[in-house]
$ cat final27.txt   # compact mmCIF, C-alpha atoms
# COMPACT_ATOMS: atom_id res chain seq x y z
CA ASP A 1 48.81 -66.92 121.01
CA SER A 2 50.51 -63.55 120.53
CA GLY A 3 47.27 -61.58 120.75
CA VAL A 4 47.76 -60.17 117.24
CA THR A 5 45.08 -61.29 114.80
CA GLN A 6 45.50 -61.27 111.06
CA THR A 7 42.81 -62.05 108.52
CA PRO A 8 42.54 -63.77 106.20
CA LYS A 9 45.09 -66.52 106.76
CA HIS A 10 45.22 -67.43 103.10
CA LEU A 11 44.37 -65.46 99.98
CA ILE A 12 44.58 -66.51 96.36
CA THR A 13 43.95 -63.88 93.72
CA ALA A 14 44.75 -63.08 90.12
CA THR A 15 47.29 -60.65 88.74
CA GLY A 16 46.00 -57.10 88.46
CA GLN A 17 43.59 -57.49 91.36
CA ARG A 18 43.47 -55.61 94.67
CA VAL A 19 43.34 -57.15 98.14
CA THR A 20 43.11 -55.90 101.71
CA LEU A 21 44.85 -57.56 104.62
CA ARG A 22 43.61 -56.83 108.10
CA CYS A 23 45.42 -56.74 111.44
CA SER A 24 44.12 -56.33 114.97
CA PRO A 25 46.95 -55.50 117.38
CA ARG A 26 47.30 -56.71 120.96
CA SER A 27 45.08 -54.87 123.40
CA GLY A 28 46.82 -51.66 124.43
CA ASP A 29 49.45 -51.69 121.68
CA LEU A 30 49.64 -48.44 119.75
CA SER A 31 52.29 -49.38 117.18
CA VAL A 32 51.54 -51.60 114.21
CA TYR A 33 54.16 -52.83 111.77
CA TRP A 34 53.78 -54.61 108.44
CA TYR A 35 56.41 -56.99 107.09
CA GLN A 36 56.72 -59.02 103.92
CA GLN A 37 58.47 -62.37 103.81
CA SER A 38 59.07 -63.75 100.35
CA LEU A 39 60.32 -67.27 99.73
CA ASP A 40 63.67 -67.85 101.44
CA GLN A 41 63.93 -64.20 102.34
CA GLY A 42 64.10 -62.43 105.65
CA LEU A 43 61.42 -60.14 106.97
CA GLN A 44 61.27 -56.95 104.94
CA PHE A 45 59.83 -53.97 106.76
CA LEU A 46 57.05 -52.23 104.87
CA ILE A 47 55.49 -49.59 107.11
CA GLN A 48 54.81 -48.64 110.75
CA TYR A 49 51.87 -46.77 112.26
CA TYR A 50 51.71 -45.35 115.75
CA ASN A 51 48.37 -44.31 117.21
CA GLY A 52 46.88 -43.69 113.79
CA GLU A 53 49.80 -41.84 112.26
CA GLU A 54 52.40 -43.16 109.84
CA ARG A 55 55.70 -43.31 111.72
CA ALA A 56 58.17 -45.08 109.48
CA LYS A 57 58.25 -46.32 105.92
CA GLY A 58 60.40 -49.07 104.52
CA ASN A 59 60.57 -50.68 101.12
CA ILE A 60 56.88 -50.38 100.43
CA LEU A 61 55.83 -50.22 96.80
CA GLU A 62 53.65 -47.37 95.57
CA ARG A 63 51.02 -49.99 94.68
CA PHE A 64 50.77 -50.78 98.39
CA SER A 65 49.20 -48.59 101.04
CA ALA A 66 48.22 -48.94 104.66
CA GLN A 67 46.31 -47.16 107.34
CA GLN A 68 45.57 -47.46 111.05
CA PHE A 69 42.06 -46.73 112.20
CA PRO A 70 40.87 -45.04 115.43
CA ASP A 71 40.27 -48.44 117.02
CA LEU A 72 43.95 -49.16 116.21
CA HIS A 73 43.37 -51.98 113.77
CA SER A 74 45.30 -51.67 110.55
CA GLU A 75 44.78 -52.60 106.94
CA LEU A 76 47.36 -53.18 104.21
CA ASN A 77 46.04 -52.62 100.71
CA LEU A 78 47.84 -54.24 97.80
CA SER A 79 46.76 -53.25 94.30
CA SER A 80 47.67 -54.10 90.71
CA LEU A 81 49.00 -57.36 92.04
CA GLU A 82 51.89 -59.09 90.33
CA LEU A 83 53.17 -62.65 90.62
CA GLY A 84 56.13 -61.36 92.61
CA ASP A 85 53.84 -60.05 95.32
CA SER A 86 53.17 -63.61 96.43
CA ALA A 87 54.52 -63.78 99.96
CA LEU A 88 53.71 -64.06 103.64
CA TYR A 89 52.59 -60.74 105.05
CA PHE A 90 53.04 -60.30 108.78
CA CYS A 91 51.61 -57.73 111.07
CA ALA A 92 53.19 -57.00 114.43
CA SER A 93 52.30 -54.70 117.29
CA SER A 94 54.15 -53.19 120.20
CA THR A 95 53.36 -50.97 123.13
CA LEU A 96 55.75 -48.11 122.67
CA ALA A 97 57.04 -46.12 119.75
CA ASN A 98 60.23 -45.15 121.54
CA GLY A 99 62.14 -48.33 121.96
CA GLY A 100 62.58 -50.90 124.69
CA SER A 101 59.63 -52.96 123.60
CA GLU A 102 59.42 -56.13 121.61
CA ALA A 103 56.97 -56.58 118.78
CA PHE A 104 54.47 -59.40 118.80
CA PHE A 105 53.60 -60.98 115.49
CA GLY A 106 50.44 -62.36 114.05
CA GLN A 107 50.39 -65.66 112.21
CA GLY A 108 50.54 -63.95 108.86
CA THR A 109 48.52 -63.86 105.68
CA ARG A 110 49.79 -66.02 102.87
CA LEU A 111 49.06 -64.26 99.60
CA THR A 112 49.28 -66.21 96.37
CA VAL A 113 48.96 -64.29 93.11
CA VAL A 114 48.22 -66.48 90.09
CA ASP B 1 71.45 -52.52 102.20
CA GLN B 2 71.18 -55.22 104.87
CA GLN B 3 71.75 -53.51 108.22
CA VAL B 4 71.39 -56.74 110.19
CA LYS B 5 73.16 -59.83 108.96
CA GLN B 6 73.08 -63.46 109.92
CA ASN B 7 75.83 -65.08 107.93
CA SER B 8 75.06 -68.67 108.85
CA PRO B 9 71.91 -69.87 107.08
CA SER B 10 71.88 -73.10 109.05
CA LEU B 11 73.32 -74.78 112.15
CA SER B 12 73.11 -78.35 113.45
CA VAL B 13 73.78 -79.20 117.08
CA GLN B 14 73.50 -82.35 119.16
CA GLU B 15 70.87 -82.40 121.87
CA GLY B 16 72.29 -81.24 125.19
CA ARG B 17 75.11 -79.23 123.64
CA ILE B 18 75.34 -75.47 123.26
CA SER B 19 73.87 -73.68 120.24
CA ILE B 20 75.46 -70.36 119.32
CA LEU B 21 73.72 -68.17 116.78
CA ASN B 22 75.46 -65.05 115.56
CA CYS B 23 74.30 -61.72 114.23
CA ASP B 24 76.16 -58.64 113.00
CA TYR B 25 74.84 -55.15 112.43
CA THR B 26 76.13 -52.04 110.73
CA ASN B 27 74.07 -49.20 112.19
CA SER B 28 75.68 -47.83 115.37
CA MET B 29 72.41 -46.06 116.25
CA PHE B 30 70.65 -49.34 117.04
CA ASP B 31 69.79 -49.34 120.73
CA TYR B 32 67.57 -52.39 121.14
CA PHE B 33 68.16 -55.92 119.93
CA LEU B 34 65.88 -58.91 119.86
CA TRP B 35 65.85 -62.56 118.94
CA TYR B 36 62.80 -64.24 117.46
CA LYS B 37 62.07 -67.90 116.86
CA LYS B 38 59.92 -68.99 113.94
CA TYR B 39 58.30 -72.29 113.16
CA PRO B 40 57.01 -73.00 109.64
CA ALA B 41 53.63 -71.42 108.83
CA GLU B 42 53.68 -69.39 112.05
CA GLY B 43 54.58 -65.84 112.90
CA PRO B 44 57.89 -65.09 114.63
CA THR B 45 57.76 -65.47 118.40
CA PHE B 46 59.70 -63.14 120.65
CA LEU B 47 62.45 -64.94 122.53
CA ILE B 48 64.77 -62.52 124.30
CA SER B 49 65.94 -58.93 124.02
CA ILE B 50 68.80 -56.74 125.13
CA SER B 51 69.20 -53.01 125.43
CA SER B 52 72.38 -51.34 124.25
CA ILE B 53 73.18 -50.33 127.83
CA LYS B 54 73.77 -53.98 128.71
CA ASP B 55 76.16 -56.59 127.38
CA LYS B 56 74.33 -59.69 128.55
CA ASN B 57 70.78 -60.80 129.22
CA GLU B 58 69.76 -64.22 130.41
CA ASP B 59 66.41 -65.98 130.44
CA GLY B 60 66.50 -69.63 131.40
CA ARG B 61 68.37 -71.60 128.76
CA PHE B 62 68.72 -68.53 126.53
CA THR B 63 71.42 -65.89 126.87
CA VAL B 64 72.05 -62.99 124.53
CA PHE B 65 75.44 -61.29 124.41
CA LEU B 66 76.04 -57.87 122.91
CA ASN B 67 79.42 -56.56 121.81
CA LYS B 68 78.82 -52.97 120.77
CA SER B 69 82.38 -52.27 119.68
CA ALA B 70 82.24 -55.21 117.27
CA LYS B 71 78.59 -54.56 116.38
CA HIS B 72 77.90 -58.19 117.11
CA LEU B 73 75.36 -60.10 119.12
CA SER B 74 74.94 -63.78 119.77
CA LEU B 75 72.31 -66.07 121.19
CA HIS B 76 73.40 -69.03 123.31
CA ILE B 77 71.03 -71.88 123.98
CA VAL B 78 72.18 -74.28 126.71
CA PRO B 79 71.32 -77.10 126.73
CA SER B 80 69.84 -77.39 123.27
CA GLN B 81 66.66 -79.42 122.93
CA PRO B 82 64.95 -80.89 119.85
CA GLY B 83 62.06 -78.46 120.36
CA ASP B 84 64.48 -75.61 119.78
CA SER B 85 64.69 -76.58 116.13
CA ALA B 86 63.37 -73.54 114.27
CA VAL B 87 64.51 -70.52 112.32
CA TYR B 88 66.00 -67.81 114.52
CA PHE B 89 65.93 -64.18 113.48
CA CYS B 90 67.83 -61.38 115.12
CA ALA B 91 66.40 -57.88 114.90
CA ALA B 92 67.47 -54.38 115.85
CA SER B 93 65.82 -51.02 116.19
CA ALA B 94 66.78 -47.43 116.90
CA PHE B 95 64.68 -45.04 118.97
CA GLY B 96 61.62 -47.25 118.79
CA ASN B 97 61.42 -47.19 115.05
CA GLN B 98 61.06 -50.18 112.78
CA PHE B 99 62.79 -53.41 113.53
CA TYR B 100 65.39 -54.51 111.01
CA PHE B 101 65.60 -58.26 110.70
CA GLY B 102 68.38 -60.56 109.64
CA THR B 103 67.73 -63.31 107.11
CA GLY B 104 67.55 -65.99 109.77
CA THR B 105 69.48 -69.08 110.85
CA SER B 106 67.80 -72.45 110.70
CA LEU B 107 68.74 -74.43 113.81
CA THR B 108 68.41 -78.19 113.88
CA VAL B 109 68.90 -79.95 117.21
CA ILE B 110 69.67 -83.61 116.65
CA PRO B 111 68.32 -86.02 119.29

$ encode --input "final27.txt" --output "structure tokens"
Amino acid sequence: DSGVTQTPKHLITATGQRVTLRCSPRSGDLSVYWYQQSLDQGLQFLIQYYNGEERAKGNILERFSAQQFPDLHSELNLSSLELGDSALYFCASSTLANGGSEAFFGQGTRLTVV
Amino acid sequence: DQQVKQNSPSLSVQEGRISILNCDYTNSMFDYFLWYKKYPAEGPTFLISISSIKDKNEDGRFTVFLNKSAKHLSLHIVPSQPGDSAVYFCAASAFGNQFYFGTGTSLTVIP
């Protein structure tokens, strides 16, 4: 158990809908990262938050947004969903923003858009 | 642009032998490198890391080597065990920013 909790584990929704994925980081971790893993693809970085502030942005679509709350949990919002958004979405957390620290991953949310 | 590359999608090794997984990177600003192991339907699990100030880090059966001039790192598993069969991802970061992941190498250890 990595200590990172993601809910829900599975989500099936229709095209055009909006969903929210939730992540609770390990106790004490201030950094939260979101990654997308599509079929047979590597882990694509979406966005990073550190202590409530956006720190880095990757290949995140404009239809997607995220935030980190004062209690440090994070939510990834996906809207106007398309079939191609079907993927595993991972959240990870780490202690430091300035390097030298590994990230611990949750078990992921499998999103299926039909 | 893929900044971290794992050019071998798969690798098969006999139990007890050495497994060598390779990773190349293009960004010379990367200062921290990690290896993750991933089983199906699970999140990646941290395995071992190395800072750019070192060229080797060892943890039990796992050793990571870093060659900064070649922008290359490798993970050695000795001896390999069937339970090591998984997908291995290398990752790199600069100044504590996001981790860039390779596409993974699927290791199969044959009993």

$ residues_around --input "final27.txt" --residues "Asp1 in chain A" --least-positions-apart "2" --cutoff "9 Å" --atoms "all atoms listed in the file" --output "VMD selection string"
chain A and resid 3 to 4 106

$ write_last_selection --input "final27.txt" --atoms "C-alpha atoms" --output "mmCIF file, keeping the file's coordinate frame"
data_model
loop_
_atom_site.group_PDB
_atom_site.id
_atom_site.type_symbol
_atom_site.label_atom_id
_atom_site.label_comp_id
_atom_site.auth_asym_id
_atom_site.auth_seq_id
_atom_site.Cartn_x
_atom_site.Cartn_y
_atom_site.Cartn_z
ATOM 1 C CA GLY A 3 47.270 -61.580 120.750
ATOM 2 C CA VAL A 4 47.760 -60.170 117.240
ATOM 3 C CA GLY A 106 50.440 -62.360 114.050
#

$ atom_distance --input "final27.txt" --atom1 "CA of Gly60 in chain B" --atom2 "CA of Val78 in chain B"
8.7 Å

$ closest_residue --input "final27.txt" --among "B:Ile18, B:Gly43, B:Asn27, B:Asp55" --to "Gln36 in chain A" --atoms "only C-alpha atoms"
B:Gly43

$ interface_residues --input "final27.txt" --of "chain A" --to "chain B" --cutoff "8 Å" --atoms "all atoms listed in the file" --output "list in words"
Ser2, Tyr33, Gln41, Gly42, Leu43, Gln44, Phe45, Ile47, Gln48, Arg55, Ala56, Phe90, Leu96, Ala97, Asn98, Gly99, Gly100, Ser101, Glu102, Ala103, Phe104, Phe105, Gly106, Gln107 and Gly108 of chain A

$ write_last_selection --input "final27.txt" --atoms "C-alpha atoms" --output "mmCIF file, keeping the file's coordinate frame"
data_model
loop_
_atom_site.group_PDB
_atom_site.id
_atom_site.type_symbol
_atom_site.label_atom_id
_atom_site.label_comp_id
_atom_site.auth_asym_id
_atom_site.auth_seq_id
_atom_site.Cartn_x
_atom_site.Cartn_y
_atom_site.Cartn_z
ATOM 1 C CA SER A 2 50.510 -63.550 120.530
ATOM 2 C CA TYR A 33 54.160 -52.830 111.770
ATOM 3 C CA GLN A 41 63.930 -64.200 102.340
ATOM 4 C CA GLY A 42 64.100 -62.430 105.650
ATOM 5 C CA LEU A 43 61.420 -60.140 106.970
ATOM 6 C CA GLN A 44 61.270 -56.950 104.940
ATOM 7 C CA PHE A 45 59.830 -53.970 106.760
ATOM 8 C CA ILE A 47 55.490 -49.590 107.110
ATOM 9 C CA GLN A 48 54.810 -48.640 110.750
ATOM 10 C CA ARG A 55 55.700 -43.310 111.720
ATOM 11 C CA ALA A 56 58.170 -45.080 109.480
ATOM 12 C CA PHE A 90 53.040 -60.300 108.780
ATOM 13 C CA LEU A 96 55.750 -48.110 122.670
ATOM 14 C CA ALA A 97 57.040 -46.120 119.750
ATOM 15 C CA ASN A 98 60.230 -45.150 121.540
ATOM 16 C CA GLY A 99 62.140 -48.330 121.960
ATOM 17 C CA GLY A 100 62.580 -50.900 124.690
ATOM 18 C CA SER A 101 59.630 -52.960 123.600
ATOM 19 C CA GLU A 102 59.420 -56.130 121.610
ATOM 20 C CA ALA A 103 56.970 -56.580 118.780
ATOM 21 C CA PHE A 104 54.470 -59.400 118.800
ATOM 22 C CA PHE A 105 53.600 -60.980 115.490
ATOM 23 C CA GLY A 106 50.440 -62.360 114.050
ATOM 24 C CA GLN A 107 50.390 -65.660 112.210
ATOM 25 C CA GLY A 108 50.540 -63.950 108.860
#

$ residues_around --input "final27.txt" --residues "Leu39 in chain A" --least-positions-apart "6" --cutoff "9 Å" --atoms "all atoms listed in the file" --output "ChimeraX atom specification"
/A:86-88

$ residues_near_point --input "final27.txt" --point "(79.3, -58.8, 115.2)" --cutoff "12 Å" --atoms "only C-alpha atoms" --output "PyMOL selection string"
chain B and resi 3-7+21-28+65-75+90

$ atom_distance --input "final27.txt" --atom1 "CA of Tyr39 in chain B" --atom2 "CA of Leu107 in chain B"
10.7 Å

$ atom_distance --input "final27.txt" --atom1 "CA of Thr95 in chain A" --atom2 "CA of Leu72 in chain A"
11.8 Å

$ residues_near_point --input "final27.txt" --point "(43.7, -66.4, 103.7)" --cutoff "8 Å" --atoms "only C-alpha atoms" --output "MDAnalysis selection string"
chainID A and resid 7:12 109:111

$ residues_around --input "final27.txt" --residues "Asp84 in chain B" --least-positions-apart "5" --cutoff "10 Å" --atoms "all atoms listed in the file" --output "list of chain:residue names"
B:Glu15, B:Ser19, B:Lys37, B:Lys38, B:Tyr39, B:Ile77, B:Pro79, B:Leu107, B:Thr108, B:Val109

$ closest_residue --input "final27.txt" --among "A:Gly16, A:Gly28, A:Gly58, A:Gly52" --to "Ser80 in chain A" --atoms "all atoms listed in the file"
A:Gly16

$ closest_residue --input "final27.txt" --among "B:Gln14, B:Lys54, B:Pro40, B:Ile20" --to "Val87 in chain B" --atoms "only C-alpha atoms"
B:Pro40

$ decode --input "final27.txt" --residues "range 34-49 of chain A" --atoms "N, CA and C atoms" --output "CSV table (one decimal), in the first residue's frame"
chain,number,residue,atom,x,y,z
A,34,TRP,N,-0.5,14.3,-11.5
A,34,TRP,CA,-1.5,13.5,-12.3
A,34,TRP,C,-0.9,13.0,-13.6
A,35,TYR,N,-1.1,11.7,-13.8
A,35,TYR,CA,-0.6,11.1,-15.1
A,35,TYR,C,-1.7,10.3,-15.8
A,36,GLN,N,-1.6,10.3,-17.1
A,36,GLN,CA,-2.5,9.5,-17.9
A,36,GLN,C,-1.8,8.4,-18.6
A,37,GLN,N,-2.3,7.2,-18.5
A,37,GLN,CA,-1.7,6.1,-19.2
A,37,GLN,C,-2.8,5.5,-20.2
A,38,SER,N,-2.6,5.7,-21.5
A,38,SER,CA,-3.5,5.1,-22.4
A,38,SER,C,-3.0,3.8,-22.8
A,39,LEU,N,-3.8,3.0,-23.6
A,39,LEU,CA,-3.4,1.7,-23.9
A,39,LEU,C,-2.1,1.6,-24.6
A,40,ASP,N,-1.2,0.7,-24.0
A,40,ASP,CA,0.1,0.5,-24.6
A,40,ASP,C,1.0,1.8,-24.6
A,41,GLN,N,0.7,2.8,-23.9
A,41,GLN,CA,1.5,4.0,-23.8
A,41,GLN,C,2.2,4.1,-22.5
A,42,GLY,N,3.1,5.0,-22.4
A,42,GLY,CA,3.8,5.2,-21.2
A,42,GLY,C,3.0,6.2,-20.3
A,43,LEU,N,3.5,6.6,-19.3
A,43,LEU,CA,2.8,7.6,-18.4
A,43,LEU,C,3.0,9.0,-18.8
A,44,GLN,N,1.9,9.6,-19.2
A,44,GLN,CA,2.0,11.0,-19.7
A,44,GLN,C,1.7,12.0,-18.6
A,45,PHE,N,2.6,12.9,-18.3
A,45,PHE,CA,2.4,13.8,-17.2
A,45,PHE,C,1.3,14.8,-17.6
A,46,LEU,N,0.4,15.1,-16.7
A,46,LEU,CA,-0.7,16.0,-16.9
A,46,LEU,C,-0.4,17.3,-16.2
A,47,ILE,N,-0.3,17.2,-14.8
A,47,ILE,CA,-0.2,18.5,-14.0
A,47,ILE,C,0.4,18.1,-12.7
A,48,GLN,N,1.1,19.1,-12.0
A,48,GLN,CA,1.6,18.9,-10.7
A,48,GLN,C,1.1,20.1,-9.8
A,49,TYR,N,0.7,19.8,-8.6
A,49,TYR,CA,0.4,20.8,-7.6
A,49,TYR,C,1.4,20.7,-6.4
